[in-house]
Each structure stands twice: as C-alpha cells, then as structure tokens.
Amino acid sequence: MALNKKKIWGPAVILLLIALPFLLRFIPESSDSGLDPSRQFRNLNWKDLRTLDFKTGEYPSYLEELLNSRVRIPGFIVPLEDDAGSISEFLLVPSPQACIHVPPPPPNQMVHVFLEESIPYQPQYRAVFVTGKVSISEEKSRYGASSFQMQGDKVEPFRRSAL
Amino acid sequence: MILPLKSLLNRKTTVFLSVFSIALSSFLLLSIERLKESAQESFHGAVSETDLIVGARSGQLQLLLYSIFHIGQPVAGVSWKSYESIKKHPEVEWSIPISLGDSHRGHRVVGTNENYFQHFRYRNSKSLRMSSGDWNLGTYGVVLGSQVAEKFDYKLDEQIILSHGIGEVTLEDHQDRPFEVKGVLERTNTPIDKSLFISLEGMEAIHENWNSAGGLSPKQITAFLIGLKSKLGIFELQREVSSLESEALMAIIPAVSLQELWDNLFTIERLLQLIAACVAVVALLGMLTILLTSLNERRREMAILRALGAPKAYIFWIVALESFLMSLSGILGGIVLLYLGIAVGSPYLESSYGVYLDLDFLSQRELWIMLILLAAGTLAGLVPAWKAYRHSLHDGLEIRI
C-alpha cells in the first residue's frame, strides 16, 4: 500500500491541535499603545531627580513641571513588602544594590514607590520602567529633609530601545 | 445529545480508562499548582514589615534561613553591646532580639522579649495573637506556637523541660530548670507555629552552669530584626551596620533575600509544571487513540445512522461531542480527586512538611489551566470527527473481503 499523504499529515495535525492551547499561553499580551492621552508620560531621569537639594528641600522649576505630569523612571527594584510573591511597595534606585564599593544612594537618588495594585514579582523585573505621579515627601529623617515618593500605576521590564 | 451518551456507555471500559487518565493528569496539574501556591504563601508570609535583619557576618540567605525559618545554624552571635548601640540609633523605631540554640523535642526554642509579640508581623502585616494565656514570659515562662501545643497536647501552667542543642534526641536536658507554659499563639502558617518562645533571661538561666559569671542579663544574642522610622534610611543603616569596627555584623533586607531564595526555587517549580503538562498531553493522546480505533469498530453504526437519514454533519458532531464529554468528565474527575486528596492528605502534609492546603474554590489560574485542557481535548476530538465525517457512508456499506 502506497503511503498516503493524508496519513503522514494526520498525526502532525493532531499534535498541533493538542499543543495549540499550550502555545497560546506564551504569546505575550499586546502592550497598550500610547494613543490614549491619559496614558501618556514624560521621561524623568536620575539626573533630574538629583537637582532636588535634600537638605533644604529646594528644587528648580523645571523639576516642578515634571512632577506635575505623569512620568516614567527607569531603575532597579528593591522590594520592601513581599506577600506571596507580589509586591506593592518598593524602593527604586539607579543602580543594583550589589556593589559595596560606593556609598549608598542619597535621598534624592531613591524613589519610594507605592503601587495602586500589587504586581507579581518576576526575575525580569530587576531593571524596570515605573510610570506614575512623583511627589516630594517632607518625611524627615536623619539623612535628609525631603525625598521622593511615587504613586506608580505601571511597571514594565526595562528595554534600552524604549528610552 | 442522548445518542452519543448511550454510545459512550456502550463502550464503558475503554472510555472509563481514558477518562480516568485525563482525570489523573488534571489532578496532577492542579495539585502542583496548589502546592506551589501554598508553599509560596507560607514562604513569603514568614516575615513582614521588618526592614532589616542583623546578624553575624555570613551569607544573606544563611542569616535569613536561621533567623526567620529556623533552618541551619548561625556561625556566631551578636554581642549585647552591639545590639544596644544599634538599638539606640536615631533611625531605629523598634527592634526584636532573637536568641537561638536550644530545642524542645525537635522544636526550636527562641529567646526573645515582649517586642516580639508587639512588633513582629507576618503575611500582609498581620500581628501575632494569643489563642490562650498571654505573652508573659517572666524568667521561666514559655509561650508555644500553635503546632507545638497541638502536637504534644500541652495545657497552660504545664511544666516542660528544654534541651541543649537541636534535634529530636538530646543528651543534655536542662532538667533542673523546668519552664511553665504561659500561653499559646494562634496559628500563623509560618515557622512560628513550630517554635517555643522564652525570655532572654530564661535563655541565660538554663545556661548558667556553662556561664560561671552569673547574673541573668543576656550577654549575647543570635540576631535581631529592626523596623525603621523612614524606609529611606535602609541603605544607610545597612552600610553602617556592616562597617562596624567593633564586631563583624551584617544587615539584610528580608524582602530582597526572600525574593532571591524564591527565584532559585522557581526553576524547580517550572520543571514540575512542564512534566505535568507532558502528562496531560499523553492523556489526551490516549483519548485520541481510543476514539480513532473505536471509529473502526463503529463503521457499521455510522453507516446505519447515515442510511437512516442522519446528515453528514451530525456524524461529525456526534464524534466531536464525545471527545468533549470525555475531557469534561475527566477534568471534573480531576477536581474531585484534588479535593479528596486535600481532605485526606492535608493533615499529613501539615504535620510533616508544614505545608497548609485549604479547601478553597479553584483559583482563576487553576480555572484557566482546566479550560485549556478542555479546549485541547475538544480540539483533538475534531480529528476523528473529521475522519468519521469523510468516510461515514461508503466505509460502512462497502463490502470488504
């Protein structure tokens, strides 16, 4: 009996049909495009944040302008609260905290982020973009009179191309 | 609807076996998911709101493991003098001293003070609560974790004897210094349930024979937890602690170390999921084989149906519906197995592994997994359905030699 083409394809189709739902899980969700004006943001970098004098609480007017809009900051997550692998509160810092050769970041190089909804912490979240509203907190500490707080509404993995 | 059911019942044995294999595979998928979730919850919930853990300089994970999970041994202690000086640091809001090293019938004894009860938080900032008695350690008082009280059936005011060192069997019991049960904590689903708490003075007292110096004021502790006034001081204080000249200490941020540890365990969990998914694929292939071979036996049946006037599409749907019914009942069977397994196995898992399983309704993720399995089963069934659709009439009526 000659091999029928259909007979060869049969098992392949079967396997594909079974595997299809499993493969579907790995297709990444489409990211929301920046067309919606309420979802737009401006980039805020660590150099801008450094302009805050954390001893006196003074800062230039262009930083104030940035603080009034929705901004996106790149950085590294240092989780503070950890419940069942999801985080809702963390410190965002400009470098991973593994290096002990440099002094710890000063108050104007840290952002205390509170998330509206806690996110599952994933290993690829080492370096992230956090988007949200930044404000200056007057919480006094030994290390400075003012510092940054942020109400984050979005966390996404850092991509150099997105800068 | 009635006809495919009757047809399935007619082939009970093979259908049952294939449904059973689907049930087993969905049970496997679900239970791996459940175990992971519960392990993750009790693991991450072990400590909350603590900003830094300070101990002798060793490894991050080691410090976390012995101070919070009571696994492994500390390499060295922290002198009372260093504890006092860090405690007085202006940024520190509260501190909890912890002294380890003794045990009671295989359960760790933690020497601490009233700060533990007052400031310790676990899972989502929950505080500790007493189920009976109160946290009044005195010098010879002991407070029990819920599991310890349950396991040995200890009541309030009962006298118990602690042993030196850690292990089920010990040679040196502190016979001369019995402790009195002052209270029992409510269940927390954390390592606290398996521990006993005594005061730092009590810890000193039972070691008096070794410390000839006398006096019950503690000279050394194992580690301590601190909460800060402002989270922004974390890095500064961490650096200050680790650069102390007088003693080799280190400070870790618990959430960071927990995350690091969990990441390492995560790979194993992914592997288990992969195996479970393979098992599910095998079960579905088994179902497919049964459906395809049964088509051969049912050539006459199909032909008669067609001859009686059933449209071609009807044949297609009969076979497709069969696979849907089989995967659906397999999945339902898997869920039943899961709850049976939890009901039967949870007391054992709880006492020997400290894993707590609840009889919760399926989580959203679990529902998704089951839906995917159902969809895969139904889709796979389309293949024999298509075959039956193509061949139903001529196949059955042709005369073969």
# chains A, B, ... in the order shown; residues from 1 in each chain; ligands from 1

call {"tool": "interface_residues", "arguments": {"of": "chain B", "to": "chain A", "cutoff": "7 Å", "atoms": "only C-alpha atoms", "output": "list in words"}}
result
Gln40, Glu41, His44, Gly45, Ser48, Glu49, Glu91, Arg123, Asn124, Ser230, Leu232, Gly233, Phe235, Glu236, Ala255, Val256, Asp263, Ile372, Ala376, Leu379, Ala380 and Val383 of chain B

call {"tool": "write_last_selection", "arguments": {"atoms": "C-alpha atoms", "output": "PDB file, in the first residue's frame"}}
result
ATOM      1  CA  GLN B  40       4.761  30.413  48.173  1.00  0.00           C
ATOM      2  CA  GLU B  41       2.264  31.829  50.632  1.00  0.00           C
ATOM      3  CA  HIS B  44       6.736  34.781  51.583  1.00  0.00           C
ATOM      4  CA  GLY B  45       4.417  35.343  54.516  1.00  0.00           C
ATOM      5  CA  SER B  48       6.542  41.312  57.029  1.00  0.00           C
ATOM      6  CA  GLU B  49       7.210  44.976  57.829  1.00  0.00           C
ATOM      7  CA  GLU B  91      16.585  55.881  62.735  1.00  0.00           C
ATOM      8  CA  ARG B 123       1.774  37.915  55.904  1.00  0.00           C
ATOM      9  CA  ASN B 124       0.279  41.288  54.914  1.00  0.00           C
ATOM     10  CA  SER B 230      11.825  56.018  57.351  1.00  0.00           C
ATOM     11  CA  LEU B 232      14.832  55.785  53.019  1.00  0.00           C
ATOM     12  CA  GLY B 233      17.305  55.071  55.802  1.00  0.00           C
ATOM     13  CA  PHE B 235      20.694  51.546  52.789  1.00  0.00           C
ATOM     14  CA  GLU B 236      22.475  53.957  55.106  1.00  0.00           C
ATOM     15  CA  ALA B 255      12.068  41.055  51.160  1.00  0.00           C
ATOM     16  CA  VAL B 256      15.119  41.119  48.884  1.00  0.00           C
ATOM     17  CA  ASP B 263      13.846  32.742  42.383  1.00  0.00           C
ATOM     18  CA  ILE B 372      -7.033  24.997  28.350  1.00  0.00           C
ATOM     19  CA  ALA B 376      -7.165  20.848  23.932  1.00  0.00           C
ATOM     20  CA  LEU B 379      -9.838  20.251  19.571  1.00  0.00           C
ATOM     21  CA  ALA B 380      -8.110  16.885  19.495  1.00  0.00           C
ATOM     22  CA  VAL B 383      -9.647  14.887  14.098  1.00  0.00           C
TER      23      VAL B 383
END

call {"tool": "select_by_dssp", "arguments": {"residues": "region 15-136 of chain B", "states": "helix (DSSP H, G or I)", "output": "PyMOL selection string"}}
result
chain B and resi 15-44+60-68+80-87+114-119

call {"tool": "write_last_selection", "arguments": {"atoms": "N, CA and C atoms", "output": "short mmCIF file (atom, residue, chain, number, x, y, z; two decimals), in the first residue's frame"}}
result
data_model
loop_
_atom_site.label_atom_id
_atom_site.label_comp_id
_atom_site.auth_asym_id
_atom_site.auth_seq_id
_atom_site.Cartn_x
_atom_site.Cartn_y
_atom_site.Cartn_z
N VAL B 15 -13.63 3.78 27.53
CA VAL B 15 -13.95 5.18 27.81
C VAL B 15 -13.59 5.53 29.24
N PHE B 16 -13.92 4.62 30.16
CA PHE B 16 -13.62 4.91 31.57
C PHE B 16 -12.12 5.06 31.78
N LEU B 17 -11.36 4.15 31.15
CA LEU B 17 -9.91 4.22 31.33
C LEU B 17 -9.35 5.54 30.82
N SER B 18 -9.85 5.97 29.67
CA SER B 18 -9.29 7.21 29.12
C SER B 18 -9.74 8.41 29.93
N VAL B 19 -10.99 8.40 30.39
CA VAL B 19 -11.46 9.48 31.26
C VAL B 19 -10.63 9.52 32.53
N PHE B 20 -10.32 8.33 33.05
CA PHE B 20 -9.54 8.26 34.29
C PHE B 20 -8.14 8.83 34.10
N SER B 21 -7.54 8.52 32.92
CA SER B 21 -6.19 9.06 32.72
C SER B 21 -6.22 10.57 32.58
N ILE B 22 -7.28 11.10 31.96
CA ILE B 22 -7.40 12.57 31.89
C ILE B 22 -7.60 13.13 33.30
N ALA B 23 -8.40 12.45 34.10
CA ALA B 23 -8.65 12.91 35.47
C ALA B 23 -7.34 12.94 36.25
N LEU B 24 -6.55 11.89 36.11
CA LEU B 24 -5.28 11.84 36.85
C LEU B 24 -4.36 12.97 36.42
N SER B 25 -4.31 13.23 35.11
CA SER B 25 -3.39 14.26 34.66
C SER B 25 -3.86 15.65 35.09
N SER B 26 -5.18 15.88 35.08
CA SER B 26 -5.62 17.20 35.54
C SER B 26 -5.44 17.32 37.04
N PHE B 27 -5.57 16.20 37.74
CA PHE B 27 -5.29 16.21 39.18
C PHE B 27 -3.84 16.59 39.45
N LEU B 28 -2.96 16.03 38.63
CA LEU B 28 -1.53 16.32 38.78
C LEU B 28 -1.25 17.80 38.55
N LEU B 29 -1.82 18.33 37.45
CA LEU B 29 -1.62 19.75 37.14
C LEU B 29 -2.12 20.63 38.27
N LEU B 30 -3.34 20.32 38.75
CA LEU B 30 -3.94 21.14 39.80
C LEU B 30 -3.17 21.05 41.10
N SER B 31 -2.74 19.84 41.46
CA SER B 31 -2.10 19.72 42.77
C SER B 31 -0.73 20.37 42.77
N ILE B 32 -0.03 20.32 41.64
CA ILE B 32 1.26 21.04 41.58
C ILE B 32 1.03 22.53 41.76
N GLU B 33 0.00 23.03 41.10
CA GLU B 33 -0.34 24.46 41.21
C GLU B 33 -0.67 24.81 42.66
N ARG B 34 -1.50 23.95 43.30
CA ARG B 34 -1.90 24.19 44.69
C ARG B 34 -0.72 24.20 45.64
N LEU B 35 0.12 23.18 45.48
CA LEU B 35 1.28 23.05 46.37
C LEU B 35 2.20 24.24 46.23
N LYS B 36 2.39 24.67 44.98
CA LYS B 36 3.25 25.82 44.74
C LYS B 36 2.68 27.05 45.41
N GLU B 37 1.38 27.26 45.23
CA GLU B 37 0.77 28.45 45.79
C GLU B 37 0.86 28.47 47.31
N SER B 38 0.60 27.31 47.90
CA SER B 38 0.60 27.29 49.36
C SER B 38 2.02 27.42 49.90
N ALA B 39 2.99 26.79 49.20
CA ALA B 39 4.38 26.93 49.62
C ALA B 39 4.81 28.38 49.51
N GLN B 40 4.40 29.01 48.40
CA GLN B 40 4.76 30.41 48.17
C GLN B 40 4.17 31.29 49.27
N GLU B 41 2.92 30.99 49.64
CA GLU B 41 2.26 31.83 50.63
C GLU B 41 2.93 31.71 51.99
N SER B 42 3.19 30.46 52.42
CA SER B 42 3.78 30.36 53.75
C SER B 42 5.23 30.81 53.74
N PHE B 43 5.87 30.69 52.58
CA PHE B 43 7.26 31.13 52.47
C PHE B 43 7.37 32.66 52.52
N HIS B 44 6.64 33.32 51.64
CA HIS B 44 6.74 34.78 51.58
C HIS B 44 6.07 35.45 52.77
N GLN B 60 23.85 36.13 53.15
CA GLN B 60 22.50 36.70 53.20
C GLN B 60 21.45 35.63 53.46
N LEU B 61 21.51 34.55 52.65
CA LEU B 61 20.48 33.53 52.74
C LEU B 61 20.58 32.78 54.05
N GLN B 62 21.81 32.56 54.50
CA GLN B 62 22.01 31.84 55.74
C GLN B 62 21.37 32.59 56.91
N LEU B 63 21.61 33.89 56.94
CA LEU B 63 21.04 34.72 58.01
C LEU B 63 19.52 34.67 57.97
N LEU B 64 18.97 34.78 56.75
CA LEU B 64 17.52 34.73 56.61
C LEU B 64 16.98 33.38 57.08
N LEU B 65 17.65 32.32 56.66
CA LEU B 65 17.18 30.97 56.97
C LEU B 65 17.19 30.70 58.47
N TYR B 66 18.28 31.06 59.16
CA TYR B 66 18.27 30.72 60.58
C TYR B 66 17.47 31.68 61.43
N SER B 67 17.40 32.96 61.01
CA SER B 67 16.66 33.89 61.87
C SER B 67 15.15 33.79 61.69
N ILE B 68 14.69 33.56 60.47
CA ILE B 68 13.25 33.54 60.22
C ILE B 68 12.70 32.12 60.11
N TRP B 80 25.69 41.67 73.10
CA TRP B 80 24.62 42.52 73.65
C TRP B 80 24.97 43.99 73.50
N LYS B 81 26.28 44.29 73.57
CA LYS B 81 26.73 45.68 73.48
C LYS B 81 26.41 46.25 72.09
N SER B 82 26.71 45.47 71.05
CA SER B 82 26.42 45.94 69.70
C SER B 82 24.92 46.11 69.50
N TYR B 83 24.14 45.16 70.05
CA TYR B 83 22.69 45.25 69.92
C TYR B 83 22.19 46.53 70.56
N GLU B 84 22.68 46.80 71.77
CA GLU B 84 22.26 48.01 72.49
C GLU B 84 22.60 49.26 71.69
N SER B 85 23.79 49.28 71.07
CA SER B 85 24.19 50.51 70.39
C SER B 85 23.39 50.71 69.10
N ILE B 86 23.10 49.63 68.37
CA ILE B 86 22.31 49.79 67.13
C ILE B 86 20.86 50.11 67.47
N LYS B 87 20.38 49.54 68.57
CA LYS B 87 19.00 49.79 69.01
C LYS B 87 18.78 51.27 69.28
N GLU B 114 9.31 41.02 74.96
CA GLU B 114 7.93 41.38 74.61
C GLU B 114 7.84 42.10 73.26
N ASN B 115 8.97 42.61 72.75
CA ASN B 115 8.94 43.27 71.45
C ASN B 115 8.50 42.32 70.34
N TYR B 116 8.81 41.05 70.53
CA TYR B 116 8.45 40.07 69.51
C TYR B 116 6.95 40.05 69.32
N PHE B 117 6.24 39.95 70.43
CA PHE B 117 4.79 39.89 70.37
C PHE B 117 4.22 41.21 69.87
N GLN B 118 4.88 42.29 70.24
CA GLN B 118 4.35 43.61 69.93
C GLN B 118 4.61 44.02 68.48
N HIS B 119 5.81 43.72 67.98
CA HIS B 119 6.20 44.28 66.70
C HIS B 119 6.29 43.28 65.56
#

call {"tool": "residues_around", "arguments": {"residues": "Asp153 (chain A)", "least_positions_apart": "3", "cutoff": "12 Å", "atoms": "only C-alpha atoms", "output": "short mmCIF file (atom, residue, chain, number, x, y, z; two decimals) with all heavy atoms, in the first residue's frame"}}
result
data_model
loop_
_atom_site.label_atom_id
_atom_site.label_comp_id
_atom_site.auth_asym_id
_atom_site.auth_seq_id
_atom_site.Cartn_x
_atom_site.Cartn_y
_atom_site.Cartn_z
N SER A 38 -4.49 59.98 28.51
CA SER A 38 -4.29 59.80 29.95
C SER A 38 -3.19 58.78 30.23
O SER A 38 -2.72 58.65 31.36
CB SER A 38 -5.60 59.35 30.60
OG SER A 38 -5.89 58.03 30.21
N ARG A 39 -2.79 58.01 29.22
CA ARG A 39 -1.74 57.02 29.42
C ARG A 39 -0.38 57.57 29.00
O ARG A 39 0.59 56.83 28.97
CB ARG A 39 -2.03 55.73 28.64
CG ARG A 39 -3.39 55.12 28.88
CD ARG A 39 -3.61 54.73 30.31
NE ARG A 39 -2.66 53.71 30.76
CZ ARG A 39 -2.55 53.34 32.02
NH1 ARG A 39 -3.29 53.92 32.93
NH2 ARG A 39 -1.71 52.39 32.37
N GLN A 40 -0.31 58.82 28.59
CA GLN A 40 0.98 59.33 28.14
C GLN A 40 1.86 59.75 29.31
O GLN A 40 1.38 59.98 30.41
CB GLN A 40 0.75 60.51 27.19
CG GLN A 40 0.58 60.02 25.77
CD GLN A 40 0.12 61.08 24.83
OE1 GLN A 40 -0.03 62.23 25.22
NE2 GLN A 40 -0.09 60.71 23.59
N PHE A 41 3.14 59.84 29.04
CA PHE A 41 4.07 60.15 30.12
C PHE A 41 5.26 60.92 29.57
O PHE A 41 5.48 60.97 28.36
CB PHE A 41 4.56 58.87 30.78
CG PHE A 41 5.21 57.91 29.83
CD1 PHE A 41 6.55 58.07 29.48
CD2 PHE A 41 4.49 56.86 29.26
CE1 PHE A 41 7.15 57.20 28.58
CE2 PHE A 41 5.10 56.00 28.36
CZ PHE A 41 6.42 56.17 28.02
N ARG A 70 2.58 63.05 34.45
CA ARG A 70 2.81 61.62 34.62
C ARG A 70 4.18 61.31 34.03
O ARG A 70 4.46 61.66 32.89
CB ARG A 70 1.72 60.85 33.89
CG ARG A 70 1.69 59.38 34.17
CD ARG A 70 0.37 58.79 33.65
NE ARG A 70 0.38 57.34 33.79
CZ ARG A 70 0.76 56.52 32.81
NH1 ARG A 70 1.14 57.00 31.66
NH2 ARG A 70 0.75 55.22 33.01
N VAL A 71 5.04 60.67 34.84
CA VAL A 71 6.40 60.45 34.37
C VAL A 71 6.78 58.97 34.40
O VAL A 71 6.15 58.16 35.09
CB VAL A 71 7.44 61.23 35.22
CG1 VAL A 71 7.29 62.71 35.00
CG2 VAL A 71 7.28 60.87 36.68
N ARG A 72 7.82 58.66 33.65
CA ARG A 72 8.34 57.29 33.65
C ARG A 72 9.81 57.33 34.06
O ARG A 72 10.59 58.11 33.50
CB ARG A 72 8.21 56.69 32.25
CG ARG A 72 8.55 55.21 32.21
CD ARG A 72 8.46 54.68 30.82
NE ARG A 72 9.56 55.16 29.99
CZ ARG A 72 9.79 54.71 28.76
NH1 ARG A 72 9.00 53.83 28.22
NH2 ARG A 72 10.82 55.17 28.06
N SER A 88 3.93 45.49 46.42
CA SER A 88 3.11 46.69 46.29
C SER A 88 3.90 47.92 46.71
O SER A 88 3.47 49.03 46.50
CB SER A 88 1.87 46.55 47.16
OG SER A 88 2.25 46.23 48.47
N GLU A 89 5.04 47.71 47.33
CA GLU A 89 5.83 48.83 47.85
C GLU A 89 7.30 48.49 47.65
O GLU A 89 7.74 47.40 48.01
CB GLU A 89 5.52 48.97 49.35
CG GLU A 89 6.12 50.18 49.99
CD GLU A 89 5.93 50.18 51.51
OE1 GLU A 89 5.08 49.42 52.01
OE2 GLU A 89 6.65 50.93 52.17
N VAL A 113 8.25 53.91 46.08
CA VAL A 113 7.10 53.70 45.19
C VAL A 113 6.01 52.89 45.88
O VAL A 113 6.27 51.86 46.51
CB VAL A 113 7.54 52.97 43.89
CG1 VAL A 113 6.37 52.82 42.95
CG2 VAL A 113 8.68 53.69 43.22
N PHE A 114 4.78 53.39 45.77
CA PHE A 114 3.60 52.62 46.20
C PHE A 114 2.81 52.31 44.95
O PHE A 114 2.52 53.20 44.16
CB PHE A 114 2.73 53.46 47.15
CG PHE A 114 3.43 53.86 48.41
CD1 PHE A 114 4.15 55.06 48.48
CD2 PHE A 114 3.38 53.05 49.53
CE1 PHE A 114 4.81 55.43 49.64
CE2 PHE A 114 4.04 53.42 50.69
CZ PHE A 114 4.75 54.61 50.75
N LEU A 115 2.45 51.05 44.77
CA LEU A 115 1.68 50.69 43.59
C LEU A 115 0.20 50.64 43.92
O LEU A 115 -0.19 50.23 45.01
CB LEU A 115 2.13 49.33 43.06
CG LEU A 115 3.52 49.26 42.46
CD1 LEU A 115 3.80 47.84 42.00
CD2 LEU A 115 3.66 50.22 41.31
N GLU A 116 -0.61 51.09 42.95
CA GLU A 116 -2.06 51.02 43.16
C GLU A 116 -2.51 49.57 43.28
O GLU A 116 -3.33 49.22 44.11
CB GLU A 116 -2.78 51.69 41.99
CG GLU A 116 -2.71 53.21 42.08
CD GLU A 116 -2.98 53.90 40.77
OE1 GLU A 116 -3.47 53.23 39.84
OE2 GLU A 116 -2.70 55.10 40.67
N GLU A 117 -1.97 48.71 42.41
CA GLU A 117 -2.27 47.29 42.50
C GLU A 117 -0.95 46.55 42.61
O GLU A 117 -0.02 46.88 41.88
CB GLU A 117 -2.97 46.82 41.23
CG GLU A 117 -4.46 46.98 41.27
CD GLU A 117 -5.04 46.70 39.89
OE1 GLU A 117 -4.78 45.62 39.34
OE2 GLU A 117 -5.73 47.60 39.37
N SER A 118 -0.88 45.57 43.49
CA SER A 118 0.39 44.87 43.62
C SER A 118 0.64 44.02 42.37
O SER A 118 -0.30 43.53 41.74
CB SER A 118 0.40 43.99 44.87
OG SER A 118 -0.56 42.97 44.75
N ILE A 119 1.92 43.90 42.02
CA ILE A 119 2.27 43.15 40.81
C ILE A 119 3.02 41.89 41.19
O ILE A 119 3.72 41.87 42.20
CB ILE A 119 3.15 43.99 39.87
CG1 ILE A 119 4.35 44.57 40.66
CG2 ILE A 119 2.37 45.11 39.23
CD1 ILE A 119 5.49 45.01 39.79
N PHE A 129 10.90 50.04 34.09
CA PHE A 129 10.36 51.39 33.96
C PHE A 129 9.16 51.46 34.90
O PHE A 129 8.30 50.57 34.86
CB PHE A 129 9.83 51.62 32.55
CG PHE A 129 10.90 51.90 31.53
CD1 PHE A 129 11.01 51.10 30.40
CD2 PHE A 129 11.77 52.96 31.68
CE1 PHE A 129 11.96 51.36 29.44
CE2 PHE A 129 12.72 53.23 30.72
CZ PHE A 129 12.83 52.43 29.60
N VAL A 130 9.10 52.47 35.73
CA VAL A 130 7.91 52.67 36.55
C VAL A 130 7.26 53.97 36.09
O VAL A 130 7.94 54.99 35.94
CB VAL A 130 8.24 52.76 38.05
CG1 VAL A 130 6.97 52.86 38.87
CG2 VAL A 130 9.04 51.54 38.48
N THR A 131 5.96 53.92 35.85
CA THR A 131 5.25 55.11 35.39
C THR A 131 4.25 55.52 36.46
O THR A 131 3.61 54.66 37.07
CB THR A 131 4.52 54.82 34.07
OG1 THR A 131 5.39 54.06 33.24
CG2 THR A 131 4.15 56.10 33.37
N GLY A 132 4.13 56.82 36.69
CA GLY A 132 3.19 57.30 37.69
C GLY A 132 3.45 58.74 38.07
O GLY A 132 4.17 59.46 37.37
N LYS A 133 2.84 59.16 39.18
CA LYS A 133 2.99 60.54 39.66
C LYS A 133 4.03 60.59 40.77
O LYS A 133 3.93 59.85 41.76
CB LYS A 133 1.67 61.04 40.23
CG LYS A 133 0.68 61.58 39.24
CD LYS A 133 0.98 62.99 38.74
CE LYS A 133 0.67 64.03 39.78
NZ LYS A 133 1.21 65.33 39.44
N VAL A 134 5.01 61.47 40.62
CA VAL A 134 6.03 61.62 41.65
C VAL A 134 5.71 62.86 42.48
O VAL A 134 5.25 63.87 41.96
CB VAL A 134 7.43 61.77 41.01
CG1 VAL A 134 8.48 62.02 42.09
CG2 VAL A 134 7.79 60.52 40.24
N MET A 150 6.29 58.07 45.06
CA MET A 150 5.66 57.90 43.76
C MET A 150 4.44 57.01 43.89
O MET A 150 4.48 55.98 44.57
CB MET A 150 6.67 57.27 42.80
CG MET A 150 6.17 57.11 41.40
SD MET A 150 7.52 56.50 40.37
CE MET A 150 6.83 56.72 38.74
N GLU A 156 6.99 48.01 34.01
CA GLU A 156 7.29 47.14 32.86
C GLU A 156 8.80 46.90 32.80
O GLU A 156 9.57 47.72 33.31
CB GLU A 156 6.80 47.78 31.55
CG GLU A 156 7.35 49.18 31.35
CD GLU A 156 6.60 49.98 30.30
OE1 GLU A 156 6.24 49.39 29.27
OE2 GLU A 156 6.40 51.18 30.51
#

call {"tool": "select_by_dssp", "arguments": {"residues": "region 63-272 of chain B", "states": "strand (DSSP E or B)", "output": "PyMOL selection string"}}
result
chain B and resi 78-79+92-104+107-112+121-122+126-127+130-133+141-144+159-160+163-164+173+179-185+196-199+220-221+223-228+249-252
